[in-house]
$ cat target.csv   # CSV, C-alpha atoms
chain,number,residue,atom,x,y,z
A,21,MET,CA,13.9,273.6,170.7
A,22,ASN,CA,13.7,271.9,174.0
A,23,THR,CA,10.4,270.1,173.6
A,24,ILE,CA,9.4,266.4,173.6
A,25,ILE,CA,6.6,266.0,171.1
A,26,THR,CA,4.1,263.1,171.6
A,27,ILE,CA,1.8,262.3,168.7
A,28,GLY,CA,-1.3,260.3,169.3
A,29,ARG,CA,-3.0,259.4,166.0
A,30,GLU,CA,-5.8,257.6,164.3
A,31,LEU,CA,-4.8,254.9,161.8
A,32,GLY,CA,-4.6,256.4,158.3
A,33,SER,CA,-4.4,260.0,159.6
A,34,GLY,CA,-0.8,260.3,158.6
A,35,GLY,CA,0.3,261.0,162.1
A,36,ARG,CA,3.5,258.9,161.7
A,37,THR,CA,4.5,260.7,158.5
A,38,ILE,CA,3.9,264.0,160.3
A,39,GLY,CA,5.9,262.9,163.3
A,40,ARG,CA,8.8,261.8,161.1
A,41,ASN,CA,8.8,265.1,159.3
A,42,VAL,CA,8.8,267.1,162.5
A,43,ALA,CA,11.7,265.0,163.8
A,44,ILE,CA,13.7,265.6,160.6
A,45,LYS,CA,13.0,269.3,160.7
A,46,PHE,CA,14.3,269.6,164.2
A,47,GLY,CA,17.1,267.0,163.8
A,48,ILE,CA,15.8,265.1,166.8
A,49,PRO,CA,15.2,261.3,167.3
A,50,TYR,CA,11.9,259.8,166.2
A,51,TYR,CA,10.5,256.9,168.1
A,52,ASP,CA,7.7,254.7,166.9
A,53,ARG,CA,8.3,251.0,166.2
A,54,GLU,CA,11.8,251.4,167.7
A,55,ILE,CA,10.0,251.3,171.1
A,56,ILE,CA,9.0,247.7,170.5
A,57,ASP,CA,12.6,246.6,170.4
A,58,LYS,CA,13.5,248.5,173.5
A,59,THR,CA,10.4,247.2,175.3
A,60,ALA,CA,11.3,243.6,174.4
A,61,GLU,CA,14.8,244.3,175.7
A,62,GLU,CA,13.5,245.8,178.9
A,63,SER,CA,10.9,243.2,179.6
A,64,GLY,CA,13.0,240.2,178.5
A,65,LEU,CA,10.2,239.1,176.2
A,66,ALA,CA,10.7,238.1,172.5
A,67,ILE,CA,10.4,241.0,170.0
A,68,ASP,CA,7.9,239.1,167.9
A,69,PHE,CA,5.7,238.5,171.0
A,70,VAL,CA,5.8,242.1,172.1
A,71,LYS,CA,5.0,243.2,168.5
A,72,SER,CA,2.1,240.8,168.2
A,73,GLN,CA,0.5,241.8,171.6
A,74,GLU,CA,1.3,245.5,171.6
A,75,GLN,CA,-1.5,246.6,169.3
A,76,LYS,CA,-3.9,244.0,170.8
A,77,ILE,CA,-3.0,244.6,174.3
A,78,SER,CA,-6.5,245.7,175.3
A,79,ALA,CA,-8.5,242.7,174.0
A,80,PHE,CA,-5.8,240.5,175.5
A,81,TYR,CA,-5.9,242.4,178.8
A,82,LYS,CA,-9.7,242.4,178.9
A,83,LEU,CA,-9.7,238.7,178.4
A,84,CYS,CA,-7.4,238.3,181.4
A,85,MET,CA,-9.6,240.5,183.6
A,86,GLY,CA,-12.3,237.9,183.3
A,87,MET,CA,-10.0,235.0,184.3
A,88,SER,CA,-9.2,234.9,188.0
A,89,TYR,CA,-6.4,232.3,188.1
A,90,GLY,CA,-4.1,230.0,186.2
A,91,TYR,CA,-3.6,230.9,182.6
A,92,GLY,CA,-5.6,234.1,183.0
A,93,ASN,CA,-3.2,235.4,185.6
A,94,GLN,CA,-0.3,234.4,183.4
A,95,LEU,CA,-1.7,236.5,180.5
A,96,LEU,CA,-2.5,239.4,182.8
A,97,SER,CA,1.0,239.4,184.1
A,98,LEU,CA,2.5,239.3,180.6
A,99,SER,CA,0.2,242.1,179.4
A,100,SER,CA,1.0,244.3,182.4
A,101,GLN,CA,4.7,243.4,182.0
A,102,ILE,CA,4.7,244.8,178.4
A,103,TYR,CA,3.0,248.0,179.4
A,104,GLN,CA,5.2,248.6,182.4
A,105,ALA,CA,8.3,248.0,180.3
A,106,GLN,CA,7.0,250.4,177.7
A,107,VAL,CA,6.4,253.1,180.4
A,108,LYS,CA,10.0,252.7,181.6
A,109,VAL,CA,11.4,252.9,178.0
A,110,ILE,CA,9.3,256.0,177.2
A,111,LYS,CA,10.4,257.7,180.4
A,112,GLN,CA,14.0,256.9,179.6
A,113,LEU,CA,13.8,258.2,176.1
A,114,ALA,CA,12.2,261.5,177.3
A,115,GLU,CA,15.1,261.8,179.8
A,116,GLN,CA,17.6,261.9,176.9
A,117,GLY,CA,16.2,265.1,175.5
A,118,PRO,CA,13.9,266.4,172.8
A,119,CYS,CA,12.4,263.8,170.5
A,120,VAL,CA,9.2,262.8,168.8
A,121,ILE,CA,7.3,259.8,170.2
A,122,VAL,CA,4.4,258.4,168.2
A,123,GLY,CA,1.5,256.5,170.0
A,124,ARG,CA,1.9,254.1,172.9
A,125,CYS,CA,0.1,256.4,175.5
A,126,ALA,CA,3.3,258.6,175.6
A,127,ASP,CA,1.2,261.7,176.2
A,128,TYR,CA,-0.2,260.1,179.4
A,129,ILE,CA,3.0,258.5,180.5
A,130,LEU,CA,4.8,261.9,180.2
A,131,LYS,CA,1.9,264.1,181.4
A,132,ASP,CA,3.7,265.3,184.5
A,133,ARG,CA,6.7,266.7,182.5
A,134,GLU,CA,6.6,270.4,181.7
A,135,ASP,CA,8.6,270.1,178.5
A,136,VAL,CA,6.0,268.0,176.5
A,137,LEU,CA,3.8,269.1,173.6
A,138,ARG,CA,1.0,266.6,173.3
A,139,VAL,CA,-0.5,266.4,169.8
A,140,PHE,CA,-3.4,264.3,168.5
A,141,VAL,CA,-3.8,263.8,164.7
A,142,TYR,CA,-7.2,262.7,163.4
A,143,SER,CA,-9.3,262.8,160.3
A,144,ASP,CA,-12.7,261.8,158.9
A,145,ILE,CA,-12.8,258.2,157.7
A,146,GLU,CA,-12.9,258.9,154.0
A,147,HIS,CA,-9.6,260.8,154.1
A,148,ARG,CA,-8.1,257.9,156.1
A,149,ILE,CA,-9.4,255.3,153.7
A,150,ASN,CA,-8.0,257.3,150.7
A,151,ARG,CA,-4.6,257.4,152.4
A,152,ALA,CA,-4.6,253.7,153.1
A,153,VAL,CA,-5.5,252.9,149.5
A,154,ASN,CA,-3.1,255.4,147.9
A,155,SER,CA,-0.1,255.1,150.2
A,156,TYR,CA,-0.3,251.5,151.3
A,157,GLY,CA,-2.1,249.9,148.3
A,158,MET,CA,-4.9,248.4,150.5
A,159,ASN,CA,-8.3,247.8,148.9
A,160,GLU,CA,-11.1,250.1,150.1
A,161,LEU,CA,-13.1,247.5,152.0
A,162,THR,CA,-10.1,246.2,153.9
A,163,ALA,CA,-8.9,249.7,154.7
A,164,ARG,CA,-12.3,250.6,156.2
A,165,LYS,CA,-12.4,247.4,158.3
A,166,GLU,CA,-8.8,247.9,159.5
A,167,ILE,CA,-9.4,251.5,160.4
A,168,GLN,CA,-12.6,250.7,162.4
A,169,LYS,CA,-10.8,247.8,164.2
A,170,SER,CA,-7.8,249.9,165.0
A,171,ASP,CA,-9.9,252.8,166.4
A,172,LYS,CA,-11.6,250.3,168.8
A,173,GLU,CA,-8.3,248.7,169.8
A,174,ARG,CA,-6.4,251.9,170.3
A,175,ALA,CA,-9.3,253.4,172.3
A,176,ARG,CA,-9.6,250.3,174.5
A,177,HIS,CA,-5.9,250.1,175.1
A,178,TYR,CA,-5.6,253.7,176.1
A,179,ASN,CA,-8.7,253.7,178.2
A,180,LEU,CA,-7.6,250.6,180.0
A,181,PHE,CA,-4.0,251.6,180.9
A,182,THR,CA,-4.7,255.3,181.6
A,183,ASP,CA,-7.5,256.9,183.6
A,184,SER,CA,-8.5,258.9,180.6
A,185,ILE,CA,-10.1,258.6,177.1
A,186,TRP,CA,-8.1,258.2,173.9
A,187,GLY,CA,-8.5,261.2,171.5
A,188,SER,CA,-10.4,263.3,174.1
A,189,ARG,CA,-9.2,266.9,174.3
A,190,GLU,CA,-8.2,267.0,177.9
A,191,ASN,CA,-5.2,264.8,177.1
A,192,TYR,CA,-3.7,267.0,174.3
A,193,ASP,CA,-2.5,270.6,173.7
A,194,LEU,CA,-3.0,270.6,170.0
A,195,MET,CA,-5.5,268.5,167.9
A,196,LEU,CA,-5.2,268.6,164.2
A,197,ASP,CA,-7.6,267.3,161.5
A,198,SER,CA,-5.0,266.1,158.9
A,199,GLY,CA,-7.8,265.6,156.3
A,200,TYR,CA,-8.6,269.3,156.4
A,201,LEU,CA,-5.2,270.7,157.0
A,202,GLY,CA,-2.9,268.4,155.0
A,203,LEU,CA,0.1,266.6,156.4
A,204,ASP,CA,2.6,269.4,155.6
A,205,LYS,CA,0.6,272.0,157.3
A,206,CYS,CA,0.1,269.8,160.4
A,207,ALA,CA,3.9,269.3,160.6
A,208,ASP,CA,4.4,273.0,160.1
A,209,LEU,CA,2.0,273.9,162.9
A,210,ILE,CA,3.5,271.4,165.3
A,211,CYS,CA,7.0,272.8,164.6
A,212,GLN,CA,5.8,276.4,165.2
A,213,VAL,CA,4.2,275.6,168.5
A,214,ALA,CA,7.2,273.6,169.7
A,215,ASN,CA,9.5,276.3,168.6
A,216,CYS,CA,7.8,279.2,170.3
A,217,ARG,CA,6.8,277.4,173.4
A,218,ARG,CA,9.9,277.1,175.5
B,22,MET,CA,-9.3,285.1,152.9
B,23,ASN,CA,-12.6,283.5,152.0
B,24,THR,CA,-13.2,281.4,155.1
B,25,ILE,CA,-16.0,281.5,157.6
B,26,ILE,CA,-14.5,280.7,161.0
B,27,THR,CA,-16.7,279.1,163.7
B,28,ILE,CA,-15.3,278.9,167.2
B,29,GLY,CA,-16.7,276.6,169.8
B,30,ARG,CA,-15.2,277.2,173.2
B,31,GLU,CA,-15.3,276.3,176.9
B,32,LEU,CA,-16.2,279.1,179.3
B,33,GLY,CA,-13.0,280.8,180.5
B,34,SER,CA,-10.9,279.4,177.6
B,35,GLY,CA,-10.7,282.9,176.0
B,36,GLY,CA,-12.4,281.7,172.8
B,37,ARG,CA,-14.3,284.9,172.5
B,38,THR,CA,-11.2,287.1,172.8
B,39,ILE,CA,-9.4,284.9,170.3
B,40,GLY,CA,-12.4,285.1,167.9
B,41,ARG,CA,-12.6,288.9,168.2
B,42,ASN,CA,-8.8,289.2,167.5
B,43,VAL,CA,-9.1,286.9,164.4
B,44,ALA,CA,-12.0,289.0,163.1
B,45,ILE,CA,-10.0,292.3,163.7
B,46,LYS,CA,-6.9,290.8,162.0
B,47,PHE,CA,-8.9,289.9,158.8
B,48,GLY,CA,-11.3,292.9,159.0
B,49,ILE,CA,-14.3,290.7,158.9
B,50,PRO,CA,-17.5,290.7,161.0
B,51,TYR,CA,-17.5,289.0,164.4
B,52,TYR,CA,-20.8,287.5,165.7
B,53,ASP,CA,-21.4,286.4,169.2
B,54,ARG,CA,-24.1,288.1,171.3
B,55,GLU,CA,-25.2,289.9,168.2
B,56,ILE,CA,-26.8,286.7,167.2
B,57,ILE,CA,-29.3,287.0,170.1
B,58,ASP,CA,-30.7,290.2,168.7
B,59,LYS,CA,-31.0,288.8,165.3
B,60,THR,CA,-32.6,285.6,166.7
B,61,ALA,CA,-35.1,287.6,168.6
B,62,GLU,CA,-36.0,289.6,165.5
B,63,GLU,CA,-36.3,286.4,163.4
B,64,SER,CA,-38.4,284.5,166.0
B,65,GLY,CA,-40.5,287.4,167.0
B,66,LEU,CA,-39.6,286.7,170.7
B,67,ALA,CA,-38.4,289.4,173.1
B,68,ILE,CA,-34.6,289.9,173.2
B,69,ASP,CA,-34.5,289.4,177.0
B,70,PHE,CA,-36.4,286.1,176.7
B,71,VAL,CA,-34.1,284.8,174.0
B,72,LYS,CA,-31.1,285.9,176.1
B,73,SER,CA,-32.4,284.2,179.2
B,74,GLN,CA,-33.2,280.9,177.5
B,75,GLU,CA,-30.4,280.7,175.0
B,76,GLN,CA,-27.8,279.5,177.5
B,77,LYS,CA,-30.2,277.3,179.3
B,78,ILE,CA,-32.0,275.9,176.3
B,79,SER,CA,-31.0,272.4,177.1
B,80,ALA,CA,-32.3,272.1,180.6
B,81,PHE,CA,-35.4,273.9,179.3
B,82,TYR,CA,-35.8,271.6,176.4
B,83,LYS,CA,-35.1,268.5,178.5
B,84,LEU,CA,-37.8,269.6,180.9
B,85,CYS,CA,-40.2,269.9,177.9
B,86,MET,CA,-39.3,266.4,176.7
B,87,GLY,CA,-40.8,265.0,179.9
B,88,MET,CA,-44.0,266.9,179.5
B,89,SER,CA,-46.4,265.5,176.9
B,90,TYR,CA,-49.0,268.2,176.7
B,91,GLY,CA,-50.2,271.6,177.8
B,92,TYR,CA,-47.5,273.8,179.3
B,93,GLY,CA,-44.8,271.3,178.3
B,94,ASN,CA,-45.7,271.5,174.6
B,95,GLN,CA,-45.7,275.3,174.8
B,96,LEU,CA,-42.2,275.3,176.3
B,97,LEU,CA,-41.0,272.8,173.7
B,98,SER,CA,-42.4,274.9,170.9
B,99,LEU,CA,-40.7,278.0,172.2
B,100,SER,CA,-37.3,276.2,172.7
B,101,SER,CA,-37.4,274.8,169.3
B,102,GLN,CA,-38.5,278.1,167.9
B,103,ILE,CA,-35.4,279.8,169.3
B,104,TYR,CA,-33.1,277.2,167.9
B,105,GLN,CA,-34.7,277.2,164.5
B,106,ALA,CA,-34.5,281.0,164.4
B,107,GLN,CA,-30.8,280.8,165.3
B,108,VAL,CA,-30.1,278.3,162.6
B,109,LYS,CA,-31.7,280.6,160.0
B,110,VAL,CA,-29.8,283.6,161.3
B,111,ILE,CA,-26.4,281.8,161.3
B,112,LYS,CA,-27.0,280.5,157.7
B,113,GLN,CA,-27.9,284.0,156.6
B,114,LEU,CA,-24.7,285.5,158.2
B,115,ALA,CA,-22.6,282.8,156.5
B,116,GLU,CA,-24.2,283.6,153.1
B,117,GLN,CA,-23.0,287.2,153.5
B,118,GLY,CA,-19.3,286.1,153.4
B,119,PRO,CA,-16.3,285.5,155.6
B,120,CYS,CA,-16.9,286.1,159.3
B,121,VAL,CA,-16.2,284.8,162.8
B,122,ILE,CA,-19.1,283.1,164.6
B,123,VAL,CA,-18.6,282.2,168.2
B,124,GLY,CA,-20.6,279.3,169.8
B,125,ARG,CA,-24.3,278.5,169.1
B,126,CYS,CA,-23.6,275.2,167.3
B,127,ALA,CA,-22.4,277.2,164.3
B,128,ASP,CA,-19.9,274.4,163.3
B,129,TYR,CA,-22.8,271.9,163.1
B,130,ILE,CA,-25.2,274.3,161.5
B,131,LEU,CA,-22.7,275.1,158.7
B,132,LYS,CA,-21.1,271.7,158.5
B,133,ASP,CA,-22.2,271.2,154.9
B,134,ARG,CA,-20.4,274.3,153.6
B,135,GLU,CA,-17.0,273.9,152.1
B,136,ASP,CA,-15.7,277.3,153.2
B,137,VAL,CA,-15.8,276.8,156.9
B,138,LEU,CA,-12.9,276.4,159.3
B,139,ARG,CA,-14.3,274.8,162.5
B,140,VAL,CA,-12.2,275.6,165.6
B,141,PHE,CA,-12.7,274.5,169.2
B,142,VAL,CA,-10.8,276.3,172.0
B,143,TYR,CA,-10.4,274.6,175.4
B,144,SER,CA,-8.2,274.5,178.4
B,145,ASP,CA,-7.7,272.8,181.8
B,146,ILE,CA,-9.9,274.2,184.5
B,147,GLU,CA,-7.2,275.9,186.5
B,148,HIS,CA,-6.3,278.2,183.5
B,149,ARG,CA,-10.0,278.9,183.0
B,150,ILE,CA,-10.5,279.8,186.7
B,151,ASN,CA,-7.5,282.1,186.6
B,152,ARG,CA,-8.8,283.8,183.6
B,153,ALA,CA,-12.3,284.3,185.1
B,154,VAL,CA,-10.7,285.7,188.3
B,155,ASN,CA,-8.2,287.9,186.6
B,156,SER,CA,-10.2,289.1,183.6
B,157,TYR,CA,-13.7,289.3,185.0
B,158,GLY,CA,-13.0,289.8,188.7
B,159,MET,CA,-14.9,286.7,189.8
B,160,ASN,CA,-14.0,284.9,193.0
B,161,GLU,CA,-12.4,281.5,192.6
B,162,LEU,CA,-15.2,279.4,194.1
B,163,THR,CA,-17.8,281.1,191.9
B,164,ALA,CA,-15.6,280.8,188.9
B,165,ARG,CA,-15.2,277.1,189.4
B,166,LYS,CA,-19.0,276.5,189.9
B,167,GLU,CA,-19.9,278.7,186.9
B,168,ILE,CA,-17.4,276.8,184.6
B,169,GLN,CA,-18.6,273.4,185.7
B,170,LYS,CA,-22.2,274.5,185.2
B,171,SER,CA,-21.5,276.0,181.8
B,172,ASP,CA,-19.7,272.9,180.6
B,173,LYS,CA,-22.7,270.8,181.4
B,174,GLU,CA,-25.1,273.3,179.8
B,175,ARG,CA,-23.2,273.7,176.6
B,176,ALA,CA,-22.6,270.0,176.2
B,177,ARG,CA,-26.3,269.2,176.8
B,178,HIS,CA,-27.4,272.0,174.5
B,179,TYR,CA,-25.1,270.9,171.7
B,180,ASN,CA,-25.8,267.2,172.1
B,181,LEU,CA,-29.6,267.7,172.1
B,182,PHE,CA,-29.8,269.9,169.0
B,183,THR,CA,-27.2,268.2,166.9
B,184,ASP,CA,-26.6,264.5,166.4
B,185,SER,CA,-23.1,264.9,167.8
B,186,ILE,CA,-21.0,265.6,170.9
B,187,TRP,CA,-19.8,269.0,172.0
B,188,GLY,CA,-16.0,269.3,172.0
B,189,SER,CA,-15.5,265.9,170.3
B,190,ARG,CA,-12.9,266.0,167.6
B,191,GLU,CA,-15.1,264.8,164.7
B,192,ASN,CA,-16.8,268.2,164.7
B,193,TYR,CA,-13.7,270.4,164.4
B,194,ASP,CA,-10.8,270.9,162.1
B,195,LEU,CA,-8.5,272.5,164.6
B,196,MET,CA,-8.6,272.1,168.4
B,197,LEU,CA,-6.5,274.4,170.6
B,198,ASP,CA,-5.6,274.3,174.3
B,199,SER,CA,-5.5,278.0,175.0
B,200,GLY,CA,-3.9,277.4,178.5
B,201,TYR,CA,-0.9,275.8,176.8
B,202,LEU,CA,-0.7,277.9,173.7
B,203,GLY,CA,-1.8,281.3,175.0
B,204,LEU,CA,-4.5,283.4,173.4
B,205,ASP,CA,-2.2,285.2,170.9
B,206,LYS,CA,-0.8,282.0,169.5
B,207,CYS,CA,-4.3,280.5,169.2
B,208,ALA,CA,-5.4,283.5,167.1
B,209,ASP,CA,-2.2,283.4,165.1
B,210,LEU,CA,-2.7,279.7,164.3
B,211,ILE,CA,-6.3,280.2,163.3
B,212,CYS,CA,-5.3,283.1,161.0
B,213,GLN,CA,-2.6,281.0,159.4
B,214,VAL,CA,-4.9,278.1,158.7
B,215,ALA,CA,-7.7,280.3,157.4
B,216,ASN,CA,-5.2,282.1,155.2
B,217,CYS,CA,-3.6,279.1,153.6
B,218,ARG,CA,-6.7,277.0,153.2
B,219,ARG,CA,-8.6,278.4,150.3

$ encode --input "target.csv" --output "structure tokens"
Amino acid sequence: MNTIITIGRELGSGGRTIGRNVAIKFGIPYYDREIIDKTAEESGLAIDFVKSQEQKISAFYKLCMGMSYGYGNQLLSLSSQIYQAQVKVIKQLAEQGPCVIVGRCADYILKDREDVLRVFVYSDIEHRINRAVNSYGMNELTARKEIQKSDKERARHYNLFTDSIWGSRENYDLMLDSGYLGLDKCADLICQVANCRR
Amino acid sequence: MNTIITIGRELGSGGRTIGRNVAIKFGIPYYDREIIDKTAEESGLAIDFVKSQEQKISAFYKLCMGMSYGYGNQLLSLSSQIYQAQVKVIKQLAEQGPCVIVGRCADYILKDREDVLRVFVYSDIEHRINRAVNSYGMNELTARKEIQKSDKERARHYNLFTDSIWGSRENYDLMLDSGYLGLDKCADLICQVANCRR
């Protein structure tokens, strides 16, 4: 198996669990939150700062776009610095060989490589809420709010840093509804496709 | 295998070939252009008229929306009549048992049934042009124009008659890039999912 697998996912869809299981199955590295540490190292910014801004980078960036000088420029520069460091980290990870990378626009960042399988995992909101409630012990109302907030943030972040739309088919080779298919079947299909591809 | 499989597809993606192969594999009926005959029968309109309007129903319908009386109302009534007849035909076909239905908003029309696997097949435009040139003998420029025109028409048609967006992930359980995966692998994945589901 010589494929780098990127997994974009909706919050609560189980994309991370699926990604981890695919990585275990192939015995290849899995990168998700590990990228934060490497990004902090690359950018010279504190881990906690990168962590706090990374998921909110869009609102943060958007705010900066409306400020033309002073503090606005400073924020813009930091926001862009985090993204550029993440691009560098993701490209370096891909250079090291087959791996699974979850989120962080990796499908877009690696779109010019031939050896990438770009997956997107999604589901209807009820399945996602159930998963958040049952797997993470959240209450239903909080889960619904967090999911809706996350959808907006991820979409804005992706749309801002790429020239494309988060979750839109032209960015992915395989798109799986984990609510319909189940997490195991999703992992199984990804492994099959990665295996038979190259 | 107790599943009804609907396949939405972009022109040139090979969705029809994939659908036909899935139907052959399971030994179940395949419905595509056959629906035109049944729709004509159901609506009492001529087959040639249904055929000519069916792919253009959106532009036709849109035109009608701007006309408030007279000829506009007549067109609107005919357009709606074709769609309603198609809804009835598709629901009747689904009642008869497992089958493959290609296009015609079948995923939306059957969305309340539990026994439906809703697939969308797509690809980048270069793969689609190659397919049109190699399989149907079209020249490249014509193929490109026809594909772009078809994308617009199918999207408008779907968006107008449903309350959703053509090719958008919330309407499908499985979305396959046939340019990346190849037609055989697409058919294989659909069969696997339909087989293991219920």

$ interface_residues --input "target.csv" --of "chain B" --to "chain A" --cutoff "8 Å" --atoms "only C-alpha atoms" --output "ChimeraX atom specification"
/B:143-145,188-191,193-198,201-202,210,214,218

$ write_last_selection --input "target.csv" --atoms "C-alpha atoms" --output "CSV table (one decimal), keeping the file's coordinate frame"
chain,number,residue,atom,x,y,z
B,143,TYR,CA,-10.4,274.6,175.4
B,144,SER,CA,-8.2,274.5,178.4
B,145,ASP,CA,-7.7,272.8,181.8
B,188,GLY,CA,-16.0,269.3,172.0
B,189,SER,CA,-15.5,265.9,170.3
B,190,ARG,CA,-12.9,266.0,167.6
B,191,GLU,CA,-15.1,264.8,164.7
B,193,TYR,CA,-13.7,270.4,164.4
B,194,ASP,CA,-10.8,270.9,162.1
B,195,LEU,CA,-8.5,272.5,164.6
B,196,MET,CA,-8.6,272.1,168.4
B,197,LEU,CA,-6.5,274.4,170.6
B,198,ASP,CA,-5.6,274.3,174.3
B,201,TYR,CA,-0.9,275.8,176.8
B,202,LEU,CA,-0.7,277.9,173.7
B,210,LEU,CA,-2.7,279.7,164.3
B,214,VAL,CA,-4.9,278.1,158.7
B,218,ARG,CA,-6.7,277.0,153.2

$ atom_distance --input "target.csv" --atom1 "CA of Ile168 in chain B" --atom2 "CA of Ser156 in chain B"
14.3 Å

$ atom_distance --input "target.csv" --atom1 "CA of Thr24 in chain B" --atom2 "CA of Val137 in chain B"
5.6 Å

$ atom_distance --input "target.csv" --atom1 "CA of Ile150 in chain B" --atom2 "CA of Gly35 in chain B"
11.1 Å

$ residues_around --input "target.csv" --residues "range 106-114 of chain B" --least-positions-apart "4" --cutoff "6 Å" --atoms "all atoms listed in the file" --output "list in words"
Thr60, Glu63 and Ser64 of chain B

$ build_atoms --input "target.csv" --residues "range 37-56 of chain B" --atoms "N, CA and C atoms" --output "CSV table (one decimal), in the coordinates of the input"
chain,number,residue,atom,x,y,z
B,37,ARG,N,-13.7,283.7,173.0
B,37,ARG,CA,-14.3,284.9,172.5
B,37,ARG,C,-13.2,286.0,172.1
B,38,THR,N,-12.3,286.1,173.0
B,38,THR,CA,-11.2,287.1,172.8
B,38,THR,C,-10.4,286.7,171.5
B,39,ILE,N,-10.1,285.4,171.4
B,39,ILE,CA,-9.4,284.9,170.3
B,39,ILE,C,-10.2,285.2,169.0
B,40,GLY,N,-11.5,284.9,169.1
B,40,GLY,CA,-12.4,285.1,167.9
B,40,GLY,C,-12.4,286.5,167.5
B,41,ARG,N,-12.5,287.4,168.5
B,41,ARG,CA,-12.6,288.9,168.2
B,41,ARG,C,-11.2,289.3,167.5
B,42,ASN,N,-10.1,288.8,168.0
B,42,ASN,CA,-8.8,289.2,167.5
B,42,ASN,C,-8.6,288.7,166.0
B,43,VAL,N,-9.2,287.5,165.8
B,43,VAL,CA,-9.1,286.9,164.4
B,43,VAL,C,-9.9,287.8,163.5
B,44,ALA,N,-11.1,288.2,163.9
B,44,ALA,CA,-12.0,289.0,163.1
B,44,ALA,C,-11.3,290.4,162.8
B,45,ILE,N,-10.7,291.0,163.8
B,45,ILE,CA,-10.0,292.3,163.7
B,45,ILE,C,-8.9,292.1,162.7
B,46,LYS,N,-8.1,291.0,162.8
B,46,LYS,CA,-6.9,290.8,162.0
B,46,LYS,C,-7.4,290.7,160.5
B,47,PHE,N,-8.5,290.1,160.2
B,47,PHE,CA,-8.9,289.9,158.8
B,47,PHE,C,-9.9,291.0,158.4
B,48,GLY,N,-10.3,291.9,159.3
B,48,GLY,CA,-11.3,292.9,159.0
B,48,GLY,C,-12.6,292.3,158.6
B,49,ILE,N,-13.0,291.3,159.2
B,49,ILE,CA,-14.3,290.7,158.9
B,49,ILE,C,-15.3,290.7,160.1
B,50,PRO,N,-16.6,290.6,159.9
B,50,PRO,CA,-17.5,290.7,161.0
B,50,PRO,C,-17.3,289.6,162.1
B,51,TYR,N,-17.6,290.0,163.3
B,51,TYR,CA,-17.5,289.0,164.4
B,51,TYR,C,-18.9,288.9,165.0
B,52,TYR,N,-19.5,287.7,165.1
B,52,TYR,CA,-20.8,287.5,165.7
B,52,TYR,C,-20.8,286.6,166.9
B,53,ASP,N,-21.3,287.1,167.9
B,53,ASP,CA,-21.4,286.4,169.2
B,53,ASP,C,-22.8,286.7,169.8
B,54,ARG,N,-22.8,287.7,170.7
B,54,ARG,CA,-24.1,288.1,171.3
B,54,ARG,C,-25.0,288.8,170.3
B,55,GLU,N,-24.4,289.3,169.2
B,55,GLU,CA,-25.2,289.9,168.2
B,55,GLU,C,-26.3,289.0,167.6
B,56,ILE,N,-25.9,287.7,167.7
B,56,ILE,CA,-26.8,286.7,167.2
B,56,ILE,C,-28.1,286.6,168.0
